[in-house]
$ cat entry07.txt   # compact mmCIF, N, CA and C atoms
# COMPACT_ATOMS: atom_id res chain seq x y z
N MET K 1 -28.81 20.42 -29.33
CA MET K 1 -27.93 21.31 -28.60
C MET K 1 -28.01 21.04 -27.10
N GLU K 2 -29.22 20.87 -26.59
CA GLU K 2 -29.43 20.59 -25.16
C GLU K 2 -28.82 19.25 -24.77
N ARG K 3 -28.92 18.28 -25.67
CA ARG K 3 -28.37 16.95 -25.41
C ARG K 3 -26.84 17.01 -25.29
N ALA K 4 -26.17 17.77 -26.12
CA ALA K 4 -24.72 17.92 -26.07
C ALA K 4 -24.30 18.59 -24.77
N ARG K 5 -25.07 19.59 -24.34
CA ARG K 5 -24.78 20.29 -23.08
C ARG K 5 -24.91 19.33 -21.90
N GLN K 6 -25.93 18.50 -21.93
CA GLN K 6 -26.13 17.52 -20.86
C GLN K 6 -24.99 16.49 -20.85
N GLY K 7 -24.52 16.10 -22.03
CA GLY K 7 -23.40 15.16 -22.13
C GLY K 7 -22.13 15.76 -21.54
N ARG K 8 -21.86 17.04 -21.86
CA ARG K 8 -20.67 17.71 -21.30
C ARG K 8 -20.78 17.83 -19.78
N LEU K 9 -22.00 18.13 -19.32
CA LEU K 9 -22.21 18.26 -17.88
C LEU K 9 -21.98 16.92 -17.18
N LEU K 10 -22.40 15.83 -17.80
CA LEU K 10 -22.18 14.49 -17.23
C LEU K 10 -20.68 14.19 -17.15
N PHE K 11 -19.94 14.48 -18.25
CA PHE K 11 -18.49 14.27 -18.23
C PHE K 11 -17.84 15.10 -17.13
N TRP K 12 -18.28 16.34 -16.98
CA TRP K 12 -17.72 17.23 -15.96
C TRP K 12 -17.99 16.67 -14.56
N ARG K 13 -19.21 16.20 -14.30
CA ARG K 13 -19.56 15.66 -12.97
C ARG K 13 -18.76 14.40 -12.66
N VAL K 14 -18.69 13.49 -13.62
CA VAL K 14 -17.92 12.26 -13.40
C VAL K 14 -16.44 12.62 -13.21
N GLY K 15 -15.94 13.58 -13.99
CA GLY K 15 -14.55 14.02 -13.83
C GLY K 15 -14.30 14.58 -12.44
N CYS K 16 -15.27 15.34 -11.91
CA CYS K 16 -15.14 15.87 -10.55
C CYS K 16 -15.07 14.75 -9.52
N ILE K 17 -15.91 13.74 -9.69
CA ILE K 17 -15.90 12.60 -8.76
C ILE K 17 -14.54 11.89 -8.84
N PHE K 18 -14.04 11.66 -10.05
CA PHE K 18 -12.74 11.01 -10.21
C PHE K 18 -11.64 11.88 -9.60
N GLY K 19 -11.75 13.19 -9.74
CA GLY K 19 -10.78 14.09 -9.15
C GLY K 19 -10.76 14.01 -7.63
N ILE K 20 -11.95 13.94 -7.03
CA ILE K 20 -12.05 13.81 -5.57
C ILE K 20 -11.42 12.49 -5.12
N VAL K 21 -11.73 11.41 -5.84
CA VAL K 21 -11.15 10.11 -5.50
C VAL K 21 -9.63 10.17 -5.62
N ALA K 22 -9.13 10.82 -6.66
CA ALA K 22 -7.67 10.95 -6.85
C ALA K 22 -7.04 11.70 -5.69
N VAL K 23 -7.68 12.77 -5.23
CA VAL K 23 -7.13 13.55 -4.12
C VAL K 23 -7.12 12.72 -2.84
N VAL K 24 -8.21 11.99 -2.58
CA VAL K 24 -8.29 11.16 -1.37
C VAL K 24 -7.20 10.08 -1.41
N LEU K 25 -7.04 9.42 -2.56
CA LEU K 25 -6.02 8.37 -2.68
C LEU K 25 -4.61 8.94 -2.58
N ALA K 26 -4.38 10.10 -3.18
CA ALA K 26 -3.06 10.73 -3.10
C ALA K 26 -2.75 11.13 -1.65
N THR K 27 -3.76 11.58 -0.92
CA THR K 27 -3.57 11.93 0.49
C THR K 27 -3.22 10.68 1.30
N ALA K 28 -3.94 9.58 1.04
CA ALA K 28 -3.64 8.32 1.73
C ALA K 28 -2.23 7.85 1.38
N CYS K 29 -1.82 8.02 0.13
CA CYS K 29 -0.48 7.66 -0.31
C CYS K 29 0.57 8.48 0.45
N PHE K 30 0.33 9.76 0.59
CA PHE K 30 1.25 10.65 1.31
C PHE K 30 1.40 10.21 2.76
N PHE K 31 0.28 9.95 3.43
CA PHE K 31 0.35 9.55 4.84
C PHE K 31 1.00 8.18 5.00
N SER K 32 0.77 7.27 4.06
CA SER K 32 1.43 5.97 4.10
C SER K 32 2.94 6.14 3.93
N TYR K 33 3.34 6.98 2.99
CA TYR K 33 4.75 7.26 2.77
C TYR K 33 5.38 7.87 4.03
N ARG K 34 4.71 8.85 4.61
CA ARG K 34 5.24 9.53 5.80
C ARG K 34 5.37 8.57 6.98
N GLN K 35 4.36 7.71 7.16
CA GLN K 35 4.41 6.73 8.25
C GLN K 35 5.57 5.76 8.05
N ASN K 36 5.77 5.30 6.84
CA ASN K 36 6.88 4.38 6.55
C ASN K 36 8.23 5.04 6.80
N ARG K 37 8.38 6.29 6.38
CA ARG K 37 9.64 7.01 6.59
C ARG K 37 9.91 7.23 8.08
N LYS K 38 8.86 7.55 8.85
CA LYS K 38 9.03 7.72 10.30
C LYS K 38 9.46 6.42 10.94
N LEU K 39 8.84 5.32 10.53
CA LEU K 39 9.22 4.02 11.08
C LEU K 39 10.67 3.71 10.75
N GLN K 40 11.08 3.96 9.51
CA GLN K 40 12.46 3.68 9.13
C GLN K 40 13.44 4.52 9.93
N ALA K 41 13.07 5.74 10.26
CA ALA K 41 13.97 6.63 10.99
C ALA K 41 14.17 6.20 12.44
N ARG K 42 13.16 5.65 13.07
CA ARG K 42 13.26 5.33 14.49
C ARG K 42 13.33 3.83 14.78
N ALA K 43 13.25 3.02 13.77
CA ALA K 43 13.11 1.58 13.97
C ALA K 43 14.43 0.90 14.30
N ASP K 44 14.28 -0.23 14.95
CA ASP K 44 15.40 -1.13 15.20
C ASP K 44 15.37 -2.23 14.14
N HIS K 45 16.51 -2.85 13.93
CA HIS K 45 16.62 -3.95 12.97
C HIS K 45 17.01 -5.22 13.72
N ALA K 46 16.55 -6.33 13.19
CA ALA K 46 16.90 -7.63 13.79
C ALA K 46 16.93 -8.69 12.70
N ALA K 47 17.62 -9.76 12.99
CA ALA K 47 17.64 -10.91 12.09
C ALA K 47 16.49 -11.82 12.48
N GLY K 48 15.70 -12.21 11.50
CA GLY K 48 14.57 -13.08 11.77
C GLY K 48 14.64 -14.33 10.91
N THR K 49 13.73 -15.25 11.19
CA THR K 49 13.64 -16.50 10.44
C THR K 49 12.18 -16.79 10.13
N VAL K 50 11.92 -17.22 8.91
CA VAL K 50 10.57 -17.64 8.54
C VAL K 50 10.31 -18.98 9.21
N VAL K 51 9.30 -19.03 10.08
CA VAL K 51 9.03 -20.25 10.85
C VAL K 51 7.81 -21.00 10.34
N GLU K 52 7.01 -20.34 9.51
CA GLU K 52 5.78 -20.98 9.03
C GLU K 52 5.30 -20.23 7.79
N LEU K 53 4.56 -20.93 6.94
CA LEU K 53 3.86 -20.30 5.83
C LEU K 53 2.38 -20.58 6.03
N ARG K 54 1.62 -19.56 6.35
CA ARG K 54 0.18 -19.72 6.56
C ARG K 54 -0.53 -19.63 5.22
N ARG K 55 -1.30 -20.66 4.95
CA ARG K 55 -2.04 -20.70 3.69
C ARG K 55 -3.32 -19.89 3.84
N GLY K 56 -3.55 -19.00 2.88
CA GLY K 56 -4.77 -18.20 2.89
C GLY K 56 -5.88 -18.93 2.15
N GLY K 57 -7.08 -18.41 2.27
CA GLY K 57 -8.23 -19.02 1.61
C GLY K 57 -8.16 -18.95 0.10
N ASP K 58 -7.35 -18.05 -0.43
CA ASP K 58 -7.25 -17.88 -1.88
C ASP K 58 -5.95 -18.47 -2.44
N SER K 59 -5.45 -19.52 -1.82
CA SER K 59 -4.25 -20.24 -2.24
C SER K 59 -2.99 -19.38 -2.21
N THR K 60 -2.93 -18.45 -1.28
CA THR K 60 -1.73 -17.64 -1.11
C THR K 60 -1.05 -18.04 0.19
N TYR K 61 0.20 -17.61 0.33
CA TYR K 61 0.99 -17.98 1.49
C TYR K 61 1.53 -16.73 2.17
N ARG K 62 1.30 -16.66 3.47
CA ARG K 62 1.72 -15.52 4.30
C ARG K 62 2.86 -15.98 5.19
N PRO K 63 4.06 -15.38 5.04
CA PRO K 63 5.18 -15.78 5.91
C PRO K 63 4.94 -15.40 7.36
N VAL K 64 5.30 -16.28 8.26
CA VAL K 64 5.29 -16.01 9.70
C VAL K 64 6.75 -15.99 10.12
N VAL K 65 7.15 -14.89 10.76
CA VAL K 65 8.56 -14.65 11.07
C VAL K 65 8.75 -14.56 12.58
N SER K 66 9.85 -15.12 13.05
CA SER K 66 10.22 -15.04 14.46
C SER K 66 11.56 -14.33 14.56
N PHE K 67 11.68 -13.45 15.59
CA PHE K 67 12.94 -12.75 15.82
C PHE K 67 13.04 -12.35 17.28
N ARG K 68 14.21 -11.90 17.68
CA ARG K 68 14.44 -11.40 19.04
C ARG K 68 14.75 -9.92 18.97
N THR K 69 14.11 -9.15 19.86
CA THR K 69 14.36 -7.71 19.92
C THR K 69 15.71 -7.46 20.59
N ALA K 70 16.15 -6.21 20.54
CA ALA K 70 17.41 -5.84 21.19
C ALA K 70 17.34 -6.08 22.70
N GLN K 71 16.13 -6.07 23.27
CA GLN K 71 15.94 -6.32 24.70
C GLN K 71 15.80 -7.82 25.01
N GLY K 72 15.88 -8.67 23.99
CA GLY K 72 15.82 -10.11 24.19
C GLY K 72 14.43 -10.71 24.14
N GLN K 73 13.41 -9.90 23.85
CA GLN K 73 12.04 -10.40 23.77
C GLN K 73 11.85 -11.18 22.47
N SER K 74 11.25 -12.36 22.57
CA SER K 74 10.96 -13.17 21.39
C SER K 74 9.63 -12.73 20.80
N VAL K 75 9.62 -12.45 19.50
CA VAL K 75 8.42 -11.96 18.82
C VAL K 75 8.19 -12.79 17.57
N THR K 76 6.93 -13.15 17.34
CA THR K 76 6.54 -13.84 16.13
C THR K 76 5.39 -13.06 15.51
N PHE K 77 5.47 -12.82 14.20
CA PHE K 77 4.43 -12.06 13.51
C PHE K 77 4.20 -12.64 12.12
N ALA K 78 2.99 -12.44 11.63
CA ALA K 78 2.65 -12.80 10.26
C ALA K 78 2.63 -11.53 9.43
N THR K 79 3.13 -11.61 8.21
CA THR K 79 3.15 -10.43 7.35
C THR K 79 1.72 -10.04 6.99
N SER K 80 1.54 -8.80 6.57
CA SER K 80 0.21 -8.32 6.17
C SER K 80 -0.08 -8.67 4.71
N TRP K 81 0.87 -9.23 4.02
CA TRP K 81 0.72 -9.57 2.61
C TRP K 81 0.96 -11.06 2.40
N ALA K 82 0.43 -11.56 1.30
CA ALA K 82 0.58 -12.97 0.96
C ALA K 82 0.83 -13.09 -0.54
N THR K 83 1.51 -14.15 -0.95
CA THR K 83 1.82 -14.36 -2.36
C THR K 83 1.59 -15.80 -2.77
N ASN K 84 1.49 -16.01 -4.06
CA ASN K 84 1.45 -17.34 -4.63
C ASN K 84 2.25 -17.27 -5.92
N PRO K 85 3.36 -17.94 -6.01
CA PRO K 85 3.97 -18.88 -5.07
C PRO K 85 4.53 -18.14 -3.85
N PRO K 86 4.84 -18.89 -2.80
CA PRO K 86 5.37 -18.26 -1.59
C PRO K 86 6.66 -17.49 -1.88
N ALA K 87 6.77 -16.32 -1.27
CA ALA K 87 7.98 -15.50 -1.45
C ALA K 87 9.16 -16.04 -0.64
N TYR K 88 8.89 -16.81 0.39
CA TYR K 88 9.92 -17.37 1.27
C TYR K 88 9.62 -18.83 1.54
N ARG K 89 10.63 -19.52 2.05
CA ARG K 89 10.46 -20.90 2.51
C ARG K 89 10.72 -20.93 4.00
N VAL K 90 10.15 -21.92 4.67
CA VAL K 90 10.41 -22.09 6.11
C VAL K 90 11.91 -22.27 6.30
N GLY K 91 12.45 -21.51 7.25
CA GLY K 91 13.87 -21.55 7.54
C GLY K 91 14.66 -20.43 6.88
N ASP K 92 14.06 -19.71 5.95
CA ASP K 92 14.77 -18.61 5.28
C ASP K 92 15.07 -17.50 6.28
N PRO K 93 16.29 -16.96 6.23
CA PRO K 93 16.60 -15.80 7.07
C PRO K 93 16.04 -14.53 6.42
N VAL K 94 15.53 -13.61 7.25
CA VAL K 94 15.02 -12.33 6.76
C VAL K 94 15.47 -11.22 7.69
N SER K 95 15.57 -10.03 7.14
CA SER K 95 15.86 -8.85 7.94
C SER K 95 14.52 -8.27 8.40
N VAL K 96 14.43 -7.93 9.67
CA VAL K 96 13.19 -7.43 10.26
C VAL K 96 13.41 -6.00 10.72
N ILE K 97 12.41 -5.17 10.53
CA ILE K 97 12.42 -3.80 11.04
C ILE K 97 11.23 -3.66 11.98
N TYR K 98 11.47 -3.05 13.16
CA TYR K 98 10.39 -2.95 14.15
C TYR K 98 10.56 -1.73 15.02
N ASP K 99 9.46 -1.28 15.57
CA ASP K 99 9.46 -0.18 16.53
C ASP K 99 9.58 -0.82 17.91
N ALA K 100 10.57 -0.39 18.70
CA ALA K 100 10.79 -0.99 20.02
C ALA K 100 9.57 -0.85 20.91
N ALA K 101 8.75 0.17 20.69
CA ALA K 101 7.54 0.37 21.50
C ALA K 101 6.43 -0.59 21.11
N ALA K 102 6.49 -1.14 19.89
CA ALA K 102 5.46 -2.07 19.43
C ALA K 102 6.10 -3.13 18.53
N PRO K 103 6.91 -4.02 19.10
CA PRO K 103 7.63 -4.99 18.27
C PRO K 103 6.71 -5.99 17.56
N ASP K 104 5.49 -6.17 18.06
CA ASP K 104 4.56 -7.09 17.41
C ASP K 104 4.05 -6.53 16.08
N GLN K 105 4.33 -5.26 15.78
CA GLN K 105 3.95 -4.63 14.52
C GLN K 105 5.12 -4.63 13.53
N ALA K 106 6.04 -5.56 13.69
CA ALA K 106 7.24 -5.64 12.86
C ALA K 106 6.90 -5.95 11.41
N ARG K 107 7.86 -5.69 10.55
CA ARG K 107 7.74 -5.98 9.12
C ARG K 107 9.04 -6.59 8.62
N ILE K 108 8.93 -7.36 7.56
CA ILE K 108 10.13 -7.80 6.86
C ILE K 108 10.68 -6.56 6.17
N ASP K 109 11.98 -6.34 6.30
CA ASP K 109 12.60 -5.13 5.75
C ASP K 109 13.00 -5.38 4.30
N GLY K 110 12.02 -5.28 3.42
CA GLY K 110 12.26 -5.43 1.99
C GLY K 110 11.49 -4.36 1.24
N PHE K 111 11.94 -4.03 0.04
CA PHE K 111 11.34 -2.92 -0.70
C PHE K 111 9.85 -3.13 -0.92
N LEU K 112 9.46 -4.24 -1.52
CA LEU K 112 8.04 -4.46 -1.81
C LEU K 112 7.22 -4.63 -0.54
N ALA K 113 7.77 -5.33 0.44
CA ALA K 113 7.03 -5.53 1.69
C ALA K 113 6.77 -4.21 2.39
N PHE K 114 7.69 -3.27 2.21
CA PHE K 114 7.58 -1.99 2.89
C PHE K 114 6.80 -0.97 2.09
N TRP K 115 6.97 -0.97 0.78
CA TRP K 115 6.44 0.11 -0.05
C TRP K 115 5.32 -0.28 -1.00
N ALA K 116 4.91 -1.54 -1.06
CA ALA K 116 3.89 -1.96 -2.02
C ALA K 116 2.58 -1.19 -1.84
N GLY K 117 2.12 -1.06 -0.61
CA GLY K 117 0.86 -0.35 -0.37
C GLY K 117 0.92 1.10 -0.81
N THR K 118 2.03 1.76 -0.51
CA THR K 118 2.20 3.15 -0.90
C THR K 118 2.25 3.28 -2.42
N LEU K 119 2.97 2.38 -3.08
CA LEU K 119 3.06 2.42 -4.54
C LEU K 119 1.71 2.16 -5.20
N ILE K 120 0.95 1.23 -4.67
CA ILE K 120 -0.37 0.94 -5.24
C ILE K 120 -1.28 2.14 -5.08
N LEU K 121 -1.29 2.75 -3.88
CA LEU K 121 -2.11 3.95 -3.68
C LEU K 121 -1.71 5.06 -4.65
N GLY K 122 -0.43 5.28 -4.82
CA GLY K 122 0.04 6.32 -5.73
C GLY K 122 -0.34 6.04 -7.17
N PHE K 123 -0.20 4.79 -7.59
CA PHE K 123 -0.56 4.42 -8.96
C PHE K 123 -2.05 4.62 -9.23
N VAL K 124 -2.88 4.14 -8.32
CA VAL K 124 -4.34 4.27 -8.50
C VAL K 124 -4.75 5.74 -8.45
N ALA K 125 -4.13 6.53 -7.57
CA ALA K 125 -4.41 7.97 -7.53
C ALA K 125 -4.04 8.61 -8.86
N GLY K 126 -2.93 8.22 -9.44
CA GLY K 126 -2.51 8.75 -10.74
C GLY K 126 -3.49 8.39 -11.85
N VAL K 127 -3.99 7.15 -11.83
CA VAL K 127 -4.96 6.73 -12.84
C VAL K 127 -6.24 7.55 -12.72
N PHE K 128 -6.74 7.72 -11.50
CA PHE K 128 -7.95 8.52 -11.31
C PHE K 128 -7.70 9.99 -11.68
N GLY K 129 -6.53 10.51 -11.37
CA GLY K 129 -6.20 11.88 -11.75
C GLY K 129 -6.16 12.05 -13.26
N LEU K 130 -5.58 11.08 -13.96
CA LEU K 130 -5.52 11.12 -15.42
C LEU K 130 -6.92 11.03 -16.02
N LEU K 131 -7.74 10.13 -15.50
CA LEU K 131 -9.13 10.02 -15.99
C LEU K 131 -9.90 11.32 -15.73
N CYS K 132 -9.67 11.93 -14.59
CA CYS K 132 -10.29 13.22 -14.28
C CYS K 132 -9.91 14.25 -15.32
N ALA K 133 -8.63 14.34 -15.62
CA ALA K 133 -8.15 15.32 -16.60
C ALA K 133 -8.76 15.06 -17.98
N ILE K 134 -8.79 13.81 -18.40
CA ILE K 134 -9.36 13.47 -19.71
C ILE K 134 -10.84 13.85 -19.76
N LEU K 135 -11.57 13.50 -18.73
CA LEU K 135 -13.01 13.82 -18.72
C LEU K 135 -13.25 15.32 -18.69
N MET K 136 -12.42 16.07 -18.00
CA MET K 136 -12.57 17.52 -17.97
C MET K 136 -12.28 18.14 -19.34
N ILE K 137 -11.27 17.62 -20.01
CA ILE K 137 -10.94 18.11 -21.35
C ILE K 137 -12.09 17.82 -22.32
N VAL K 138 -12.62 16.59 -22.25
CA VAL K 138 -13.75 16.22 -23.11
C VAL K 138 -14.96 17.10 -22.80
N ALA K 139 -15.22 17.36 -21.53
CA ALA K 139 -16.35 18.20 -21.15
C ALA K 139 -16.18 19.63 -21.66
N LYS K 140 -14.97 20.13 -21.65
CA LYS K 140 -14.71 21.50 -22.11
C LYS K 140 -14.82 21.63 -23.62
N ARG K 141 -14.27 20.65 -24.31
CA ARG K 141 -14.26 20.72 -25.78
C ARG K 141 -15.58 20.29 -26.39
N GLY K 142 -16.31 19.49 -25.67
CA GLY K 142 -17.62 19.04 -26.19
C GLY K 142 -17.42 17.91 -27.11

$ encode --input "entry07.txt" --output "structure tokens"
Amino acid sequence: MERARQGRLLFWRVGCIFGIVAVVLATACFFSYRQNRKLQARADHAAGTVVELRRGGDSTYRPVVSFRTAQGQSVTFATSWATNPPAYRVGDPVSVIYDAAAPDQARIDGFLAFWAGTLILGFVAGVFGLLCAILMIVAKRG
């Protein structure tokens, strides 16, 4: 009887930890979403060109994009993400979104480039939340 109680208590504790992780990840997902929406609301758009593919240490390729701001400033940036095979080729035209106050923080204006981090955070938060719920149910039912 004591052993079963200890087992339920362990499930409950691990479920609580998973629940906390789910809440932290969901909060990070919310702030990522909010930051992206704010950027989209105030951002400028420009036409850019992929000028280089930087090879990463893990055989991935990070596009480097060059564009001109509305004020005529030339900006070159590397994306924060990389893929294998490369998502773009040198010379490919891309749409760029940037904040005029910080054009060096520009992004390629594409769904995955913009929302992948938010989607991953949301998915992982959901998995931890589901595991939390399962562990809590198991702890309650014994």

$ atom_distance --input "entry07.txt" --atom1 "atom N of Phe77 in chain K" --atom2 "CA of Ala43 in chain K"
16.3 Å

$ atom_distance --input "entry07.txt" --atom1 "atom N of Ser32 in chain K" --atom2 "atom C of Ile20 in chain K"
16.1 Å

$ atom_distance --input "entry07.txt" --atom1 "CA of Lys140 in chain K" --atom2 "atom C of Cys16 in chain K"
14.3 Å

$ residues_around --input "entry07.txt" --residues "Leu39 in chain K" --least-positions-apart "5" --cutoff "7 Å" --atoms "only N, CA and C atoms" --output "list in words"
Arg34, Asp44, Tyr98 and Asp99 of chain K

$ residues_around --input "entry07.txt" --residues "range 1-13 of chain K" --least-positions-apart "5" --cutoff "9 Å" --atoms "only C-alpha atoms" --output "PyMOL selection string"
chain K and resi 18+132+135-142

$ closest_residue --input "entry07.txt" --among "K:Ala100, K:Val127, K:Val90, K:Val75" --to "Ala26 in chain K" --atoms "only C-alpha atoms"
K:Val127

$ residues_near_point --input "entry07.txt" --point "(3.9, 1.3, 0.8)" --cutoff "8 Å" --atoms "all atoms listed in the file" --output "count of residues only"
15

$ closest_residue --input "entry07.txt" --among "K:Ala82, K:Arg54, K:Gly48, K:Ala133" --to "Gly15 in chain K" --atoms "all atoms listed in the file"
K:Ala133

$ residues_around --input "entry07.txt" --residues "Pro63 in chain K" --least-positions-apart "3" --cutoff "7 Å" --atoms "only C-alpha atoms" --output "ChimeraX atom specification"
/K:50,52-54,78-79,88

$ closest_residue --input "entry07.txt" --among "K:Arg42, K:Ile17, K:Thr83, K:Thr76" --to "Arg62 in chain K" --atoms "all atoms listed in the file"
K:Thr83

$ select_by_dssp --input "entry07.txt" --residues "range 74-140 of chain K" --states "strand (DSSP E)" --output "list in words"
Ser74, Val75, Thr76, Phe77, Ala78, Pro93, Val94, Ser95, Val96, Ile97, Tyr98, Asp99, Ala102, Pro103, Asp104, Gln105, Ala106, Arg107 and Ile108 of chain K

$ closest_residue --input "entry07.txt" --among "K:Gly19, K:Asp58, K:Gly91, K:Ile108" --to "Leu130 in chain K" --atoms "all atoms listed in the file"
K:Gly19

$ closest_residue --input "entry07.txt" --among "K:Thr60, K:Asp104, K:Ala70, K:Gly110" --to "His45 in chain K" --atoms "only N, CA and C atoms"
K:Ala70

$ select_by_dssp --input "entry07.txt" --residues "range 34-96 of chain K" --states "helix (DSSP H, G or I)" --output "VMD selection string"
chain K and resid 34 to 42

$ residues_around --input "entry07.txt" --residues "Gln73 in chain K" --least-positions-apart "6" --cutoff "12 Å" --atoms "only C-alpha atoms" --output "list in words"
Ala46, Ser66, Phe67, Ala100, Ala101, Ala102, Pro103 and Asp104 of chain K

$ decode --input "entry07.txt" --residues "range 61-116 of chain K" --atoms "C-alpha atoms" --output "PDB file, in the first residue's frame"
ATOM      1  CA  TYR K  61      23.109  26.570 -45.228  1.00  0.00           C
ATOM      2  CA  ARG K  62      22.140  30.000 -43.896  1.00  0.00           C
ATOM      3  CA  PRO K  63      20.985  32.549 -46.506  1.00  0.00           C
ATOM      4  CA  VAL K  64      22.668  35.954 -46.435  1.00  0.00           C
ATOM      5  CA  VAL K  65      20.388  38.649 -47.833  1.00  0.00           C
ATOM      6  CA  SER K  66      21.118  42.167 -49.050  1.00  0.00           C
ATOM      7  CA  PHE K  67      18.507  44.921 -49.422  1.00  0.00           C
ATOM      8  CA  ARG K  68      18.042  48.693 -49.380  1.00  0.00           C
ATOM      9  CA  THR K  69      15.896  50.433 -46.783  1.00  0.00           C
ATOM     10  CA  ALA K  70      13.346  53.100 -47.686  1.00  0.00           C
ATOM     11  CA  GLN K  71      16.009  55.651 -46.638  1.00  0.00           C
ATOM     12  CA  GLY K  72      18.504  54.152 -49.120  1.00  0.00           C
ATOM     13  CA  GLN K  73      20.729  52.421 -46.554  1.00  0.00           C
ATOM     14  CA  SER K  74      22.286  49.182 -47.798  1.00  0.00           C
ATOM     15  CA  VAL K  75      21.849  46.321 -45.315  1.00  0.00           C
ATOM     16  CA  THR K  76      23.129  42.757 -45.395  1.00  0.00           C
ATOM     17  CA  PHE K  77      22.021  40.151 -42.851  1.00  0.00           C
ATOM     18  CA  ALA K  78      22.210  36.424 -42.291  1.00  0.00           C
ATOM     19  CA  THR K  79      19.051  34.584 -41.309  1.00  0.00           C
ATOM     20  CA  SER K  80      18.799  33.081 -37.821  1.00  0.00           C
ATOM     21  CA  TRP K  81      17.880  29.703 -39.320  1.00  0.00           C
ATOM     22  CA  ALA K  82      19.638  27.275 -41.625  1.00  0.00           C
ATOM     23  CA  THR K  83      18.483  24.318 -43.730  1.00  0.00           C
ATOM     24  CA  ASN K  84      19.823  21.353 -45.634  1.00  0.00           C
ATOM     25  CA  PRO K  85      19.243  21.403 -48.555  1.00  0.00           C
ATOM     26  CA  PRO K  86      19.455  25.179 -48.907  1.00  0.00           C
ATOM     27  CA  ALA K  87      16.069  26.913 -48.974  1.00  0.00           C
ATOM     28  CA  TYR K  88      17.377  29.526 -51.444  1.00  0.00           C
ATOM     29  CA  ARG K  89      20.042  29.898 -54.098  1.00  0.00           C
ATOM     30  CA  VAL K  90      22.413  32.823 -54.569  1.00  0.00           C
ATOM     31  CA  GLY K  91      20.616  35.420 -56.662  1.00  0.00           C
ATOM     32  CA  ASP K  92      17.104  34.459 -55.542  1.00  0.00           C
ATOM     33  CA  PRO K  93      14.828  37.435 -54.870  1.00  0.00           C
ATOM     34  CA  VAL K  94      13.207  37.529 -51.410  1.00  0.00           C
ATOM     35  CA  SER K  95      10.787  39.800 -49.618  1.00  0.00           C
ATOM     36  CA  VAL K  96      12.326  41.373 -46.505  1.00  0.00           C
ATOM     37  CA  ILE K  97      10.576  42.775 -43.444  1.00  0.00           C
ATOM     38  CA  TYR K  98      12.475  45.128 -41.128  1.00  0.00           C
ATOM     39  CA  ASP K  99      12.088  47.706 -38.401  1.00  0.00           C
ATOM     40  CA  ALA K 100      13.336  51.090 -39.647  1.00  0.00           C
ATOM     41  CA  ALA K 101      14.900  51.704 -36.213  1.00  0.00           C
ATOM     42  CA  ALA K 102      16.948  48.484 -36.469  1.00  0.00           C
ATOM     43  CA  PRO K 103      17.231  47.396 -40.118  1.00  0.00           C
ATOM     44  CA  ASP K 104      20.120  45.032 -39.318  1.00  0.00           C
ATOM     45  CA  GLN K 105      17.556  42.860 -37.456  1.00  0.00           C
ATOM     46  CA  ALA K 106      15.638  42.205 -40.696  1.00  0.00           C
ATOM     47  CA  ARG K 107      14.019  38.893 -41.593  1.00  0.00           C
ATOM     48  CA  ILE K 108      12.943  37.178 -44.754  1.00  0.00           C
ATOM     49  CA  ASP K 109       9.183  37.701 -44.894  1.00  0.00           C
ATOM     50  CA  GLY K 110       8.010  34.108 -45.139  1.00  0.00           C
ATOM     51  CA  PHE K 111       5.675  32.033 -43.001  1.00  0.00           C
ATOM     52  CA  LEU K 112       8.201  29.518 -41.673  1.00  0.00           C
ATOM     53  CA  ALA K 113      11.002  32.055 -41.365  1.00  0.00           C
ATOM     54  CA  PHE K 114       8.720  34.264 -39.312  1.00  0.00           C
ATOM     55  CA  TRP K 115       6.688  31.771 -37.302  1.00  0.00           C
ATOM     56  CA  ALA K 116       8.792  28.585 -36.956  1.00  0.00           C
TER      57      ALA K 116
END
